[in-house]
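**Student:** So that you have it, the file is upload.pdb, and it contains PDB, C-alpha atoms:
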ATOM      1  CA  MET M   1     236.789 147.637 -43.540  1.00  0.00           C
ATOM      2  CA  THR M   2     233.059 148.038 -44.069  1.00  0.00           C
ATOM      3  CA  ALA M   3     231.611 148.693 -47.520  1.00  0.00           C
ATOM      4  CA  VAL M   4     230.182 152.159 -48.190  1.00  0.00           C
ATOM      5  CA  GLU M   5     226.648 150.809 -48.282  1.00  0.00           C
ATOM      6  CA  PRO M   6     225.507 149.335 -44.938  1.00  0.00           C
ATOM      7  CA  VAL M   7     225.164 145.583 -44.637  1.00  0.00           C
ATOM      8  CA  ARG M   8     221.489 144.613 -44.661  1.00  0.00           C
ATOM      9  CA  LEU M   9     220.995 142.129 -41.809  1.00  0.00           C
ATOM     10  CA  GLU M  10     217.683 140.320 -41.361  1.00  0.00           C
ATOM     11  CA  ILE M  11     217.011 138.793 -37.959  1.00  0.00           C
ATOM     12  CA  ILE M  12     214.620 135.857 -38.289  1.00  0.00           C
ATOM     13  CA  ILE M  13     212.549 134.909 -35.234  1.00  0.00           C
ATOM     14  CA  GLY M  14     212.101 131.152 -35.581  1.00  0.00           C
ATOM     15  CA  SER M  15     209.654 130.285 -32.811  1.00  0.00           C
ATOM     16  CA  VAL M  16     205.930 130.738 -33.376  1.00  0.00           C
ATOM     17  CA  ARG M  17     204.860 129.016 -30.149  1.00  0.00           C
ATOM     18  CA  VAL M  18     202.244 130.620 -27.902  1.00  0.00           C
ATOM     19  CA  GLY M  19     203.904 132.179 -24.839  1.00  0.00           C
ATOM     20  CA  ARG M  20     207.309 132.274 -26.513  1.00  0.00           C
ATOM     21  CA  ILE M  21     210.186 134.389 -25.225  1.00  0.00           C
ATOM     22  CA  ALA M  22     211.618 134.723 -28.732  1.00  0.00           C
ATOM     23  CA  PRO M  23     210.577 138.386 -29.195  1.00  0.00           C
ATOM     24  CA  VAL M  24     212.475 139.344 -26.018  1.00  0.00           C
ATOM     25  CA  VAL M  25     215.642 137.564 -27.139  1.00  0.00           C
ATOM     26  CA  ALA M  26     215.348 138.925 -30.689  1.00  0.00           C
ATOM     27  CA  GLY M  27     214.598 142.432 -29.425  1.00  0.00           C
ATOM     28  CA  TRP M  28     217.733 142.433 -27.302  1.00  0.00           C
ATOM     29  CA  PHE M  29     219.850 141.199 -30.194  1.00  0.00           C
ATOM     30  CA  ALA M  30     218.289 143.650 -32.679  1.00  0.00           C
ATOM     31  CA  GLU M  31     219.104 146.521 -30.320  1.00  0.00           C
ATOM     32  CA  ARG M  32     222.764 145.418 -30.206  1.00  0.00           C
ATOM     33  CA  ALA M  33     222.859 144.971 -33.984  1.00  0.00           C
ATOM     34  CA  ARG M  34     221.354 148.425 -34.617  1.00  0.00           C
ATOM     35  CA  ALA M  35     224.093 149.945 -32.476  1.00  0.00           C
ATOM     36  CA  TYR M  36     226.793 148.114 -34.450  1.00  0.00           C
ATOM     37  CA  PRO M  37     228.473 150.253 -37.133  1.00  0.00           C
ATOM     38  CA  GLY M  38     227.722 149.490 -40.765  1.00  0.00           C
ATOM     39  CA  LEU M  39     224.481 147.567 -40.289  1.00  0.00           C
ATOM     40  CA  ASP M  40     220.929 148.165 -41.504  1.00  0.00           C
ATOM     41  CA  VAL M  41     218.768 145.799 -39.443  1.00  0.00           C
ATOM     42  CA  GLY M  42     215.351 144.284 -40.084  1.00  0.00           C
ATOM     43  CA  VAL M  43     213.364 141.671 -38.183  1.00  0.00           C
ATOM     44  CA  ILE M  44     211.257 138.937 -39.754  1.00  0.00           C
ATOM     45  CA  ASP M  45     208.982 137.276 -37.200  1.00  0.00           C
ATOM     46  CA  LEU M  46     207.804 133.953 -38.580  1.00  0.00           C
ATOM     47  CA  ALA M  47     204.707 134.199 -36.370  1.00  0.00           C
ATOM     48  CA  ASP M  48     203.699 137.105 -38.628  1.00  0.00           C
ATOM     49  CA  THR M  49     204.938 135.417 -41.809  1.00  0.00           C
ATOM     50  CA  PRO M  50     202.664 132.408 -42.411  1.00  0.00           C
ATOM     51  CA  LEU M  51     204.622 130.584 -45.103  1.00  0.00           C
ATOM     52  CA  PRO M  52     202.708 127.676 -46.656  1.00  0.00           C
ATOM     53  CA  GLN M  53     203.634 124.309 -45.145  1.00  0.00           C
ATOM     54  CA  ASP M  54     203.485 122.751 -48.628  1.00  0.00           C
ATOM     55  CA  LEU M  55     206.283 125.166 -49.677  1.00  0.00           C
ATOM     56  CA  GLY M  56     204.063 126.538 -52.435  1.00  0.00           C
ATOM     57  CA  ASP M  57     204.059 130.067 -53.777  1.00  0.00           C
ATOM     58  CA  SER M  58     201.859 132.658 -52.113  1.00  0.00           C
ATOM     59  CA  PRO M  59     201.872 136.421 -51.609  1.00  0.00           C
ATOM     60  CA  VAL M  60     203.577 135.828 -48.235  1.00  0.00           C
ATOM     61  CA  THR M  61     206.243 133.683 -49.911  1.00  0.00           C
ATOM     62  CA  ASP M  62     206.785 136.358 -52.578  1.00  0.00           C
ATOM     63  CA  GLU M  63     207.320 139.087 -49.973  1.00  0.00           C
ATOM     64  CA  PHE M  64     209.596 136.800 -47.933  1.00  0.00           C
ATOM     65  CA  ARG M  65     211.604 136.024 -51.100  1.00  0.00           C
ATOM     66  CA  LYS M  66     212.104 139.761 -51.746  1.00  0.00           C
ATOM     67  CA  ARG M  67     213.310 140.462 -48.205  1.00  0.00           C
ATOM     68  CA  VAL M  68     215.684 137.511 -48.153  1.00  0.00           C
ATOM     69  CA  GLY M  69     216.957 138.433 -51.614  1.00  0.00           C
ATOM     70  CA  ARG M  70     217.749 142.017 -50.529  1.00  0.00           C
ATOM     71  CA  ALA M  71     219.566 140.914 -47.367  1.00  0.00           C
ATOM     72  CA  ASP M  72     223.344 140.606 -47.149  1.00  0.00           C
ATOM     73  CA  GLY M  73     223.283 138.380 -44.059  1.00  0.00           C
ATOM     74  CA  PHE M  74     221.057 136.791 -41.450  1.00  0.00           C
ATOM     75  CA  VAL M  75     220.748 135.892 -37.806  1.00  0.00           C
ATOM     76  CA  ALA M  76     218.336 133.125 -36.851  1.00  0.00           C
ATOM     77  CA  VAL M  77     216.949 133.433 -33.334  1.00  0.00           C
ATOM     78  CA  THR M  78     216.016 129.885 -32.445  1.00  0.00           C
ATOM     79  CA  SER M  79     214.615 128.019 -29.525  1.00  0.00           C
ATOM     80  CA  GLU M  80     215.294 124.370 -28.942  1.00  0.00           C
ATOM     81  CA  TYR M  81     212.291 122.055 -28.862  1.00  0.00           C
ATOM     82  CA  ASN M  82     212.919 118.382 -28.093  1.00  0.00           C
ATOM     83  CA  HIS M  83     216.610 118.635 -29.064  1.00  0.00           C
ATOM     84  CA  GLY M  84     215.769 120.350 -32.358  1.00  0.00           C
ATOM     85  CA  TYR M  85     214.807 123.643 -33.983  1.00  0.00           C
ATOM     86  CA  PRO M  86     211.289 124.965 -34.672  1.00  0.00           C
ATOM     87  CA  ALA M  87     209.407 123.669 -37.709  1.00  0.00           C
ATOM     88  CA  ALA M  88     208.566 127.221 -38.815  1.00  0.00           C
ATOM     89  CA  LEU M  89     212.270 127.981 -39.180  1.00  0.00           C
ATOM     90  CA  LYS M  90     212.827 124.879 -41.330  1.00  0.00           C
ATOM     91  CA  THR M  91     209.851 125.855 -43.483  1.00  0.00           C
ATOM     92  CA  ALA M  92     211.364 129.323 -43.939  1.00  0.00           C
ATOM     93  CA  PHE M  93     214.668 127.852 -45.118  1.00  0.00           C
ATOM     94  CA  ASP M  94     212.949 125.331 -47.389  1.00  0.00           C
ATOM     95  CA  SER M  95     210.596 127.912 -48.942  1.00  0.00           C
ATOM     96  CA  LEU M  96     213.412 129.556 -50.909  1.00  0.00           C
ATOM     97  CA  LYS M  97     216.525 128.427 -52.700  1.00  0.00           C
ATOM     98  CA  HIS M  98     218.752 130.871 -54.565  1.00  0.00           C
ATOM     99  CA  GLU M  99     218.033 133.829 -52.284  1.00  0.00           C
ATOM    100  CA  TRP M 100     219.982 132.219 -49.421  1.00  0.00           C
ATOM    101  CA  ARG M 101     223.056 131.284 -51.430  1.00  0.00           C
ATOM    102  CA  SER M 102     226.504 132.500 -50.383  1.00  0.00           C
ATOM    103  CA  LYS M 103     225.118 134.715 -47.626  1.00  0.00           C
ATOM    104  CA  PRO M 104     226.422 134.569 -44.048  1.00  0.00           C
ATOM    105  CA  ILE M 105     224.271 133.547 -41.120  1.00  0.00           C
ATOM    106  CA  GLY M 106     224.721 133.584 -37.363  1.00  0.00           C
ATOM    107  CA  PHE M 107     222.646 131.992 -34.623  1.00  0.00           C
ATOM    108  CA  VAL M 108     221.190 133.228 -31.354  1.00  0.00           C
ATOM    109  CA  SER M 109     219.801 130.228 -29.506  1.00  0.00           C
ATOM    110  CA  TYR M 110     218.048 129.734 -26.238  1.00  0.00           C
ATOM    111  CA  GLY M 111     216.499 127.046 -24.107  1.00  0.00           C
ATOM    112  CA  GLY M 112     216.968 125.205 -20.864  1.00  0.00           C
ATOM    113  CA  LEU M 113     220.285 123.768 -19.771  1.00  0.00           C
ATOM    114  CA  ALA M 114     221.560 123.272 -23.328  1.00  0.00           C
ATOM    115  CA  GLY M 115     220.774 126.863 -24.314  1.00  0.00           C
ATOM    116  CA  GLY M 116     219.577 125.853 -27.764  1.00  0.00           C
ATOM    117  CA  LEU M 117     223.002 124.638 -28.837  1.00  0.00           C
ATOM    118  CA  ARG M 118     221.639 121.371 -30.260  1.00  0.00           C
ATOM    119  CA  ALA M 119     219.258 123.379 -32.472  1.00  0.00           C
ATOM    120  CA  THR M 120     222.182 125.495 -33.679  1.00  0.00           C
ATOM    121  CA  GLU M 121     224.256 122.390 -34.458  1.00  0.00           C
ATOM    122  CA  GLN M 122     221.464 120.992 -36.603  1.00  0.00           C
ATOM    123  CA  LEU M 123     220.780 124.318 -38.324  1.00  0.00           C
ATOM    124  CA  ARG M 124     224.422 124.613 -39.349  1.00  0.00           C
ATOM    125  CA  GLN M 125     223.899 121.452 -41.423  1.00  0.00           C
ATOM    126  CA  VAL M 126     220.725 122.848 -42.993  1.00  0.00           C
ATOM    127  CA  VAL M 127     222.270 126.181 -44.003  1.00  0.00           C
ATOM    128  CA  ALA M 128     225.361 124.489 -45.443  1.00  0.00           C
ATOM    129  CA  GLU M 129     223.075 122.643 -47.849  1.00  0.00           C
ATOM    130  CA  LEU M 130     221.589 126.020 -48.849  1.00  0.00           C
ATOM    131  CA  HIS M 131     225.117 127.242 -49.725  1.00  0.00           C
ATOM    132  CA  MET M 132     225.128 129.707 -46.823  1.00  0.00           C
ATOM    133  CA  VAL M 133     228.177 130.616 -44.741  1.00  0.00           C
ATOM    134  CA  SER M 134     227.622 129.885 -41.062  1.00  0.00           C
ATOM    135  CA  VAL M 135     229.865 132.136 -38.967  1.00  0.00           C
ATOM    136  CA  ARG M 136     231.718 130.451 -36.139  1.00  0.00           C
ATOM    137  CA  GLN M 137     230.548 132.662 -33.268  1.00  0.00           C
ATOM    138  CA  SER M 138     227.065 132.167 -31.851  1.00  0.00           C
ATOM    139  CA  VAL M 139     225.066 133.450 -28.893  1.00  0.00           C
ATOM    140  CA  SER M 140     223.429 131.045 -26.456  1.00  0.00           C
ATOM    141  CA  PHE M 141     221.136 131.624 -23.490  1.00  0.00           C
ATOM    142  CA  HIS M 142     220.910 128.784 -20.989  1.00  0.00           C
ATOM    143  CA  ARG M 143     217.819 128.922 -18.778  1.00  0.00           C
ATOM    144  CA  VAL M 144     216.678 131.828 -20.904  1.00  0.00           C
ATOM    145  CA  ARG M 145     213.758 132.978 -18.756  1.00  0.00           C
ATOM    146  CA  LYS M 146     216.221 133.798 -15.965  1.00  0.00           C
ATOM    147  CA  ARG M 147     218.561 135.783 -18.244  1.00  0.00           C
ATOM    148  CA  PHE M 148     216.384 138.801 -19.093  1.00  0.00           C
ATOM    149  CA  ASP M 149     214.885 141.494 -16.873  1.00  0.00           C
ATOM    150  CA  ASP M 150     211.463 143.113 -17.281  1.00  0.00           C
ATOM    151  CA  GLN M 151     212.906 145.588 -19.803  1.00  0.00           C
ATOM    152  CA  GLY M 152     214.273 142.822 -22.043  1.00  0.00           C
ATOM    153  CA  GLN M 153     217.902 143.405 -21.033  1.00  0.00           C
ATOM    154  CA  THR M 154     220.497 140.885 -19.915  1.00  0.00           C
ATOM    155  CA  THR M 155     223.604 141.068 -17.785  1.00  0.00           C
ATOM    156  CA  ASP M 156     224.938 137.846 -19.322  1.00  0.00           C
ATOM    157  CA  GLY M 157     228.464 138.999 -20.174  1.00  0.00           C
ATOM    158  CA  ALA M 158     229.227 135.954 -22.318  1.00  0.00           C
ATOM    159  CA  ALA M 159     226.161 136.633 -24.476  1.00  0.00           C
ATOM    160  CA  VAL M 160     227.034 140.314 -24.886  1.00  0.00           C
ATOM    161  CA  ASP M 161     230.608 139.480 -25.880  1.00  0.00           C
ATOM    162  CA  SER M 162     229.472 136.711 -28.239  1.00  0.00           C
ATOM    163  CA  ALA M 163     226.915 138.998 -29.908  1.00  0.00           C
ATOM    164  CA  ASP M 164     229.554 141.606 -30.713  1.00  0.00           C
ATOM    165  CA  ARG M 165     231.975 138.979 -32.040  1.00  0.00           C
ATOM    166  CA  MET M 166     229.269 137.393 -34.162  1.00  0.00           C
ATOM    167  CA  LEU M 167     228.241 140.757 -35.619  1.00  0.00           C
ATOM    168  CA  ALA M 168     231.866 141.466 -36.564  1.00  0.00           C
ATOM    169  CA  GLN M 169     232.093 138.104 -38.352  1.00  0.00           C
ATOM    170  CA  LEU M 170     228.780 138.649 -40.156  1.00  0.00           C
ATOM    171  CA  VAL M 171     229.819 142.098 -41.402  1.00  0.00           C
ATOM    172  CA  TRP M 172     233.190 140.760 -42.558  1.00  0.00           C
ATOM    173  CA  TRP M 173     231.604 137.895 -44.519  1.00  0.00           C
ATOM    174  CA  ALA M 174     228.790 140.031 -45.922  1.00  0.00           C
ATOM    175  CA  ASP M 175     231.272 142.627 -47.187  1.00  0.00           C
ATOM    176  CA  ALA M 176     233.520 139.936 -48.697  1.00  0.00           C
ATOM    177  CA  VAL M 177     230.633 138.180 -50.420  1.00  0.00           C
ATOM    178  CA  ARG M 178     229.207 141.440 -51.737  1.00  0.00           C
ATOM    179  CA  VAL M 179     232.558 142.345 -53.342  1.00  0.00           C
ATOM    180  CA  GLN M 180     232.939 138.862 -54.842  1.00  0.00           C
ATOM    181  CA  ARG M 181     229.366 138.818 -56.190  1.00  0.00           C
ATOM    182  CA  GLU M 182     230.034 142.034 -58.079  1.00  0.00           C
ATOM    183  CA  ALA M 183     233.083 140.442 -59.721  1.00  0.00           C
ATOM    184  CA  THR M 184     231.833 136.887 -60.308  1.00  0.00           C
ATOM    185  CA  PRO M 185     228.422 135.232 -59.912  1.00  0.00           C
ATOM    186  CA  TYR M 186     228.240 132.513 -57.250  1.00  0.00           C
ATOM    187  CA  PRO M 187     228.908 129.139 -58.937  1.00  0.00           C
ATOM    188  CA  GLY M 188     226.238 127.209 -57.044  1.00  0.00           C
TER
END
Since I need it in another form, could you write the structure as structure tokens?
**Tutor:**
Amino acid sequence: MTAVEPVRLEIIIGSVRVGRIAPVVAGWFAERARAYPGLDVGVIDLADTPLPQDLGDSPVTDEFRKRVGRADGFVAVTSEYNHGYPAALKTAFDSLKHEWRSKPIGFVSYGGLAGGLRATEQLRQVVAELHMVSVRQSVSFHRVRKRFDDQGQTTDGAAVDSADRMLAQLVWWADAVRVQREATPYPG
């Protein structure tokens, strides 16, 4: 059962690389999420969010903090570079602390043969340390540049099915955490 107020989901685009396909992947996922009942969806593109590498405060950090603080859950869209995740995504996680706590997160990964799964594995460890809840279901695109047409759509049935399952898990966790937060502050 979904709470009366929609779940605020922020989709974070982790790659800032020139020539990236991240906006296509994130756009497809955002479209699916916006069609899912009970969600209010935003997109944070880290290419447009230049967080300081020294993790210091800045006007960009302050705005990022507000958006993350208002969100009920997250989806990180991540590429895999050299068996790992993008540095900009790690900087985003490290730039804040309490705003992430007890919130659910899902992953949409992409890459070559591994489909970004190694990046997702590593990110699950990072978000656990931030006291986030990583949902079990994820979405993965192997050989990503062959998975989307010119309109940014995919016929990858496994990805479509996984996206819907992941959204259901995110909404469930976000609703549960929201109810618990109202009753008792998170003890972390």
**Student:** Run the PyMOL selection byres ((chain M and resi 16) around 12) against the file shown and list the residues it catches, as a PyMOL selection string.
**Tutor:** chain M and resi 12-15+17-23+44-51+77-79+81+85-89+91-92
**Student:** Can you tell me which residues surround range 27-32 of chain M at a distance of at most 12 Å, considering all atoms listed in the file, apart from same-chain residues fewer than 6 positions away, and format the answer as a ChimeraX atom specification?
**Tutor:** /M:9-13,21,39-45,74-77,106-109,138-141,147-156,159-168
**Student:** How far is it from CA of Leu123 in chain M to CA of Glu5 in chain M, in Å with one decimal?
**Tutor:**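 We find that CA of Leu123 in chain M and CA of Glu5 in chain M lie 28.9 Å from each other.
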**Student:** Given the file shown, enumerate the residues that the PyMOL selection byres ((chain M and resi 174-179) around 10) captures and present them as an NGL selection string.
**Tutor:** :M and (1-9 or 71-74 or 102-105 or 133 or 168-173 or 180-184 or 186)
**Student:** From the set M:Leu96, M:Arg145, M:Gly84, M:Leu55, which residue has the shortest atom-to-atom contact distance to Arg67 in chain M, counting only C-alpha atoms?
**Tutor:** M:Leu96
**Student:** Work out where the centre of an axis-aligned box around every listed atom of range 138-157 of chain M lies and how long its edges are once 6 Å is added on each side; give both in Å to one decimal as JSON.
**Tutor:**
{"center_x": 220.0, "center_y": 137.2, "center_z": -23.9, "size_x": 29.0, "size_y": 28.8, "size_z": 27.9}
**Student:** I'd like to know which of M:Arg65, M:Ala114, M:Ala128, M:Gly157 is closest to Val144 in chain M, using all atoms listed in the file.
**Tutor:**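 Smallest distance to Val144 in chain M is found for M:Ala114.
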**Student:** Can you tell me how far CA of Val25 in chain M sits from CA of Pro59 in chain M, in Å to one decimal?
**Tutor:** 28.1 Å
**Student:** Quick one: pull the distance between CA of Glu121 in chain M and CA of Arg136 in chain M, Å, one decimal.
**Tutor:**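 A separation of 11.1 Å between them.
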**Student:** For Glu99 in chain M, which of M:Val126, M:Ala119, M:Gly56, M:Gly188 is the closest residue, counting all atoms listed in the file?
**Tutor:**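 Of the candidates, the smallest distance to Glu99 in chain M is held by M:Gly188.
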